[in-house]
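**Student:** Below is a structure I'd like to ask you about.
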Amino acid sequence: MTGSVLLNVIEAGEGDRVAVLLHGMMGSAESWHRVVPLLVERGFRVLALDLPGHGLSPRDPELTIETAADAVVATLAQTALPPGAGSAAGDGAAFPLAVAVGHSFGATVLAAAAPRLDPSLAVYVDAPLALQGGQDRASLISQYEHDRRARMSPAELRRLRPFYSVDDATVEARAAERFDPPTAASVSCGEDGHWTAAPGSIVVRAEPSAWVTDEDARRFEHGGVTVRSIPGAAHTVWYSHFEVFTAALPELFAPSLV
């Protein structure tokens with residue numbers, strides 16, 4: 001873990017029950033702006049991270065899923081461990097994570113980090129936990145730059161995604177402005193990757209999903225993972241179907257947790 005970069009963290013709430021949130025590609029820690037207050041109301045201390053090349057976190061033109069996971073673990077060793085607990089990198093101190101939630105790219109990073117983070121519950125949102133590598137770097141950077149510019153206008157975002165609120169569009173436009181295409185492209189220019197979710201984890205997917213197919217869902221379930229589908233949801237499920245998304249995760253959002 002020595003030498004891993006530290007990531008920008010948005011922290012809210014307090015207490016011993018820590019919830020970690022990892023956003024998707026071209027998002028940011030602010031992508032969870034509607035989710036964070038509800039988790040705080042349920043008694044969680046929430047840590048939402050900007051992944052490398054996103055938000056206010058460092059850029060890395062040689063990023064891989066594994067080095068992104070290293071950065072998440074190193075950052076949480078500084079922020080999630082109680083004072084005096086030691087370092088998760090060196091002396092075996094356990095992270096006091098009640099839950100970790102990752103979306104898309106963030107879900108894949110979470111799957112790579114989860115064996116070290118060991119959350120009581122891991123939730124993967126609309127991600128197959130697989131990555132197709134071998135992409136042409138220049139072409140991918142160009143595509144990401146095009147997509148980034150298309151998402152920098154809040155008004156255009158609301159036109160394309162009418163389920164966005166004004167705040168949603170503002171947050172996602174700011175995330176696009178801060179997004180670094182070379183960092184993101186690097187992730188897909190290496191070898192193919194496949195990661196697993198531990199038995200007892202939860203996958204929440206849109207239905208239909210361009211990311212988690214029915215075959216993927218069966219694969220997850222065969223491995224002891226619970227799959228919960230939300231018909232008609234967008235890839236960012238909590239933006240398009242917030243109430244349905246939270247109802248699908250009573251382990252996090254049930255009022256009885258207060």
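Following the order of the structure tokens, first chain is A, next is B, and so on, with residues numbered from 1 inside each chain and ligands from 1 in the order they appear.
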Enumerate as a ChimeraX atom specification all residues of segment 7-205 of chain A assigned to strand (DSSP E or B) by DSSP on the backbone, naming them with the chain letters and numbers the document uses.
**Tutor:** /A:9-12,18-22,45-49,97-103,121-125,130-131,193-194,202-205
**Student:** I need the residues of segment 11-249 of chain A that end up classed as helix (DSSP H, G or I) by DSSP on the backbone, written out as number ranges by chain.
**Tutor:** A: 29-32, 35-41, 65-79, 105-117, 137-150, 154-160, 166-178, 181-187, 214-222, 237-240, 242-247
**Student:** I'd like the neighbourhood of segment 170-174 of chain A as a list in words, where a residue qualifies if any of its atoms comes within 7 Å (using only C-alpha atoms), though same-chain residues fewer than 5 positions away should be ignored.
**Tutor:**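 Skipping anything fewer than 5 positions along the chain leaves Gly27, Glu30, Ser31, Arg151, Met152, Ser153 and Pro154 of chain A.
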**Student:** Store the residues picked out above, limited to C-alpha atoms, as an mmCIF file, in the first residue's frame.
**Tutor:**
data_model
loop_
_atom_site.group_PDB
_atom_site.id
_atom_site.type_symbol
_atom_site.label_atom_id
_atom_site.label_comp_id
_atom_site.auth_asym_id
_atom_site.auth_seq_id
_atom_site.Cartn_x
_atom_site.Cartn_y
_atom_site.Cartn_z
ATOM 1 C CA GLY A 27 -19.464 10.992 -11.774
ATOM 2 C CA GLU A 30 -21.409 14.472 -5.204
ATOM 3 C CA SER A 31 -23.360 12.001 -7.334
ATOM 4 C CA ARG A 151 -22.436 16.578 -20.156
ATOM 5 C CA MET A 152 -21.037 19.919 -18.989
ATOM 6 C CA SER A 153 -24.306 21.792 -19.598
ATOM 7 C CA PRO A 154 -26.919 21.315 -16.843
#
**Student:** Each residue of segment 163-238 of chain A lying at most 7 Å from segment 116-131 of chain A should get a row with its shortest atom-to-atom pair and the distance in Å to one decimal, counting only C-alpha atoms; could you produce that, ordered by chain and increasing number, as JSON lines?
**Tutor:**
{"residue": "A:Asp192", "atom": "CA", "partner": "A:Leu131", "partner_atom": "CA", "distance": 5.5}
{"residue": "A:Gly193", "atom": "CA", "partner": "A:Leu131", "partner_atom": "CA", "distance": 4.9}
{"residue": "A:His194", "atom": "CA", "partner": "A:Ala130", "partner_atom": "CA", "distance": 4.4}
{"residue": "A:Trp195", "atom": "CA", "partner": "A:Leu129", "partner_atom": "CA", "distance": 5.4}
{"residue": "A:Thr196", "atom": "CA", "partner": "A:Leu129", "partner_atom": "CA", "distance": 6.8}
{"residue": "A:Ser201", "atom": "CA", "partner": "A:Ala122", "partner_atom": "CA", "distance": 5.1}
{"residue": "A:Ile202", "atom": "CA", "partner": "A:Val123", "partner_atom": "CA", "distance": 4.8}
{"residue": "A:Val203", "atom": "CA", "partner": "A:Tyr124", "partner_atom": "CA", "distance": 4.7}
{"residue": "A:Val204", "atom": "CA", "partner": "A:Val125", "partner_atom": "CA", "distance": 4.8}
{"residue": "A:Arg205", "atom": "CA", "partner": "A:Asp126", "partner_atom": "CA", "distance": 4.3}
{"residue": "A:Ala206", "atom": "CA", "partner": "A:Asp126", "partner_atom": "CA", "distance": 6.4}
{"residue": "A:Trp211", "atom": "CA", "partner": "A:Ala127", "partner_atom": "CA", "distance": 5.8}
{"residue": "A:Val212", "atom": "CA", "partner": "A:Pro128", "partner_atom": "CA", "distance": 5.1}
{"residue": "A:Asp216", "atom": "CA", "partner": "A:Pro128", "partner_atom": "CA", "distance": 6.4}
{"residue": "A:His235", "atom": "CA", "partner": "A:Asp126", "partner_atom": "CA", "distance": 6.4}
**Student:** Under the rule of at most 7 Å, produce a per-residue listing of segment 104-153 of chain A near segment 178-182 of chain A: chain, number, name, the closest pair of atoms, and the distance in Å, as JSON lines, using only C-alpha atoms.
**Tutor:**
{"residue": "A:Ile141", "atom": "CA", "partner": "A:Pro181", "partner_atom": "CA", "distance": 5.3}
{"residue": "A:Tyr144", "atom": "CA", "partner": "A:Pro181", "partner_atom": "CA", "distance": 5.4}
{"residue": "A:Glu145", "atom": "CA", "partner": "A:Pro181", "partner_atom": "CA", "distance": 6.0}
**Student:** So which one's closest to Ala247 of chain A, A:Asp168, A:His103, A:Leu38, A:Thr67? Using only C-alpha atoms, please.
**Tutor:**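 Closest residue, counting only C-alpha atoms: A:Leu38.
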**Student:** Mind checking which residues fall within 8 Å of segment 7-15 of chain A, counting only C-alpha atoms, ignoring those fewer than 2 positions away in the same chain, and posting them as a PyMOL selection string?
**Tutor:** chain A and resi 5+17-18+29-30+36-37+40+43-52+55-58+71-72+75
**Student:** List as a list of chain:residue names the protein and nucleic acid residues near Ala112 of chain A, meaning an atom at most 9 Å away when only C-alpha atoms are counted, but skip any in the same chain fewer than 3 places from it.
**Tutor:**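 What passes the distance filter is A:Ile65, A:Glu66, A:Ala68, A:Ala69, A:Asp70, A:Ala107, A:Thr108, A:Val109, A:Pro115, A:Arg116, A:Trp195, A:Thr196.
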**Student:** Quick one: residues within 7 Å of segment 252-256 of chain A, only C-alpha atoms counted, chain neighbours fewer than 3 positions away excluded, as a list in words?
**Tutor:**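 My list of contacting residues is Leu39, Arg42, Thr246 and Leu249 of chain A.
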**Student:** Between atom CA of Leu140 of chain A and atom CA of Trp32 of chain A, what is the spacing in Å?
**Tutor:**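 Distance between the two atoms: 26.2 Å.
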**Student:** As a ChimeraX atom specification, please: the residues near Gly200 of chain A (cut-off 8 Å, only C-alpha atoms, same-chain neighbours under 3 positions excluded).
**Tutor:** /A:121,224-226
**Student:** I need the chosen residues saved as a PDB file, in the first residue's frame, with N, CA and C atoms.
**Tutor:**
ATOM      1  N   LEU A 121     -21.628  -5.419   4.604  1.00  0.00           N
ATOM      2  CA  LEU A 121     -22.477  -5.590   3.434  1.00  0.00           C
ATOM      3  C   LEU A 121     -21.878  -4.797   2.282  1.00  0.00           C
ATOM      4  N   GLY A 224     -24.228 -16.915  -4.648  1.00  0.00           N
ATOM      5  CA  GLY A 224     -24.740 -16.527  -3.338  1.00  0.00           C
ATOM      6  C   GLY A 224     -24.990 -15.046  -3.173  1.00  0.00           C
ATOM      7  N   VAL A 225     -25.080 -14.319  -4.298  1.00  0.00           N
ATOM      8  CA  VAL A 225     -25.331 -12.883  -4.280  1.00  0.00           C
ATOM      9  C   VAL A 225     -26.811 -12.636  -4.572  1.00  0.00           C
ATOM     10  N   THR A 226     -27.428 -11.766  -3.809  1.00  0.00           N
ATOM     11  CA  THR A 226     -28.820 -11.398  -4.033  1.00  0.00           C
ATOM     12  C   THR A 226     -28.900 -10.350  -5.134  1.00  0.00           C
TER      13      THR A 226
END
**Student:** Of the residues A:Val35, A:Ala185, A:Ser4, A:Glu221, which is the one nearest to His241 of chain A, using only C-alpha atoms?
**Tutor:**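 Closest residue, counting only C-alpha atoms: A:Val35.
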**Student:** In terms of the shortest atom-to-atom distance over only C-alpha atoms, which of A:Gly133, A:Arg34, A:Val227, A:Val101 is closest to Ser165 of chain A?
**Tutor:** A:Arg34
**Student:** Could you work out how far atom CA of Asp167 of chain A lies from atom CA of Ile230 of chain A, giving the answer in Å with one decimal?
**Tutor:**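 The value is 23.0 Å.
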**Student:** Pick from A:Ala74, A:Ala80, A:Glu62, A:Ser240: nearest to Arg158 of chain A, with only C-alpha atoms counted?
**Tutor:**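 Nearest candidate to Arg158 of chain A out of A:Ala74, A:Ala80, A:Glu62, A:Ser240: A:Ser240.
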